[in-house]
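Single-structure report; data block below.
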Amino acid sequence: MEPIEAKGDYVLVRVRVRPRAARNEVTRGPDGGLYVALTAAPKEGEANAALLAFLAKRLDVAKSRITLTAGAKARSKTVRIDGIAIEEICRVLSV
């Protein structure tokens, strides 16, 4: 399954989060998946909030257009992004 998938008027992005990293960054894993390292801790939703803020800033979209749809308590997460084309997401998150 591809980590970035267009679904009508929105895009789903599947990521694997690594909290408590030295810096925030996006990388591609050997399996082709997207991995997001975050400096935030995985407690009380801090890492989830940091993920959404990081993606919003990186993709230059409003935070209100990004929603965590799956994986709130897991490292594997699915994020819904409205208002941006899949091509733009692929370009910005390409590593």
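Ordering of the structure tokens sets the chain letters (A, B, ...), residue numbers begin anew at 1 in every chain, and ligands are numbered from 1 in the order given.
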### Query
So which residues of chain A fall under helix (DSSP H, G or I) by DSSP, listed as an MDAnalysis selection string?
chainID A and resid 46:59 63:65 86:93
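Residue neighbourhood of A:Ser76, excluding near-sequence residues (fewer than 3 positions): Val15, Arg16 and Gly71 of chain A, at 6 Å, using only C-alpha atoms.
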Any chance you can output those residues with C-alpha atoms as an mmCIF file, in the first residue's frame?
```
data_model
loop_
_atom_site.group_PDB
_atom_site.id
_atom_site.type_symbol
_atom_site.label_atom_id
_atom_site.label_comp_id
_atom_site.auth_asym_id
_atom_site.auth_seq_id
_atom_site.Cartn_x
_atom_site.Cartn_y
_atom_site.Cartn_z
ATOM 1 C CA VAL A 15 3.291 7.583 8.347
ATOM 2 C CA ARG A 16 5.243 5.782 11.023
ATOM 3 C CA GLY A 71 -3.506 5.610 14.964
#
```
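The environment of A:Leu55 within 10 Å, counting only C-alpha atoms and disregarding residues fewer than 5 places along the same chain, consists of Glu25, Val26, Val36, Ala50, Asp60, Val61, Ala62, Lys63, Ile66, Val79, Ile81, Ile89, Val92 and Leu93 of chain A.
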Could you write out, as a PDB file with C-alpha atoms, in the first residue's frame, all the residues of chain A that DSSP marks as strand (DSSP E)?
```pdb
ATOM      1  CA  ILE A   4       0.233   8.757  -0.015  1.00  0.00           C
ATOM      2  CA  GLU A   5      -3.162   8.147  -1.614  1.00  0.00           C
ATOM      3  CA  ALA A   6      -5.718  10.486  -3.231  1.00  0.00           C
ATOM      4  CA  LYS A   7      -9.326   9.910  -2.147  1.00  0.00           C
ATOM      5  CA  TYR A  10      -8.640  14.847   0.042  1.00  0.00           C
ATOM      6  CA  VAL A  11      -5.386  12.936   0.438  1.00  0.00           C
ATOM      7  CA  LEU A  12      -4.506  10.239   2.972  1.00  0.00           C
ATOM      8  CA  VAL A  13      -0.913  10.067   4.183  1.00  0.00           C
ATOM      9  CA  ARG A  14       0.256   7.025   6.149  1.00  0.00           C
ATOM     10  CA  VAL A  15       3.291   7.583   8.347  1.00  0.00           C
ATOM     11  CA  ARG A  16       5.243   5.782  11.023  1.00  0.00           C
ATOM     12  CA  VAL A  17       6.145   8.159  13.846  1.00  0.00           C
ATOM     13  CA  ARG A  18       9.335   8.057  15.892  1.00  0.00           C
ATOM     14  CA  GLU A  25      12.216  15.251   9.795  1.00  0.00           C
ATOM     15  CA  VAL A  26      10.602  13.040   7.152  1.00  0.00           C
ATOM     16  CA  THR A  27      12.461  10.069   5.675  1.00  0.00           C
ATOM     17  CA  ARG A  28      11.674   7.104   3.455  1.00  0.00           C
ATOM     18  CA  LEU A  34       7.130   7.495   5.181  1.00  0.00           C
ATOM     19  CA  TYR A  35       8.747   7.873   8.578  1.00  0.00           C
ATOM     20  CA  VAL A  36       8.400  11.059  10.616  1.00  0.00           C
ATOM     21  CA  ALA A  37      10.822  11.733  13.450  1.00  0.00           C
ATOM     22  CA  ILE A  66      -5.110  18.273   8.592  1.00  0.00           C
ATOM     23  CA  THR A  67      -6.819  15.578  10.648  1.00  0.00           C
ATOM     24  CA  LEU A  68      -5.519  12.435  12.327  1.00  0.00           C
ATOM     25  CA  THR A  69      -7.896   9.715  11.140  1.00  0.00           C
ATOM     26  CA  ALA A  70      -6.231   6.582  12.537  1.00  0.00           C
ATOM     27  CA  SER A  76       1.549   3.994  12.556  1.00  0.00           C
ATOM     28  CA  LYS A  77      -0.820   6.850  11.774  1.00  0.00           C
ATOM     29  CA  THR A  78      -3.075   7.962   8.946  1.00  0.00           C
ATOM     30  CA  VAL A  79      -3.526  11.672   8.321  1.00  0.00           C
ATOM     31  CA  ARG A  80      -6.188  13.275   6.112  1.00  0.00           C
ATOM     32  CA  ILE A  81      -5.168  16.456   4.326  1.00  0.00           C
ATOM     33  CA  ASP A  82      -7.691  18.701   2.563  1.00  0.00           C
TER      34      ASP A  82
END
```
#### Entry: Residues within 12 Å of A:Glu46, only C-alpha atoms, excluding chain neighbours under 6 positions, as number ranges by chain
A: 19-20, 38-40, 52-54, 72-73
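Proximity to A:Cys90 was assessed for A:Leu59, A:Ala41, A:Asn24, A:Asp31 counting only C-alpha atoms; the smallest distance is recorded for A:Leu59.
Distance check against A:Gly32 using only C-alpha atoms: of A:Asp9, A:Ile86, A:Pro3, A:Ala47, the minimum falls on A:Pro3.
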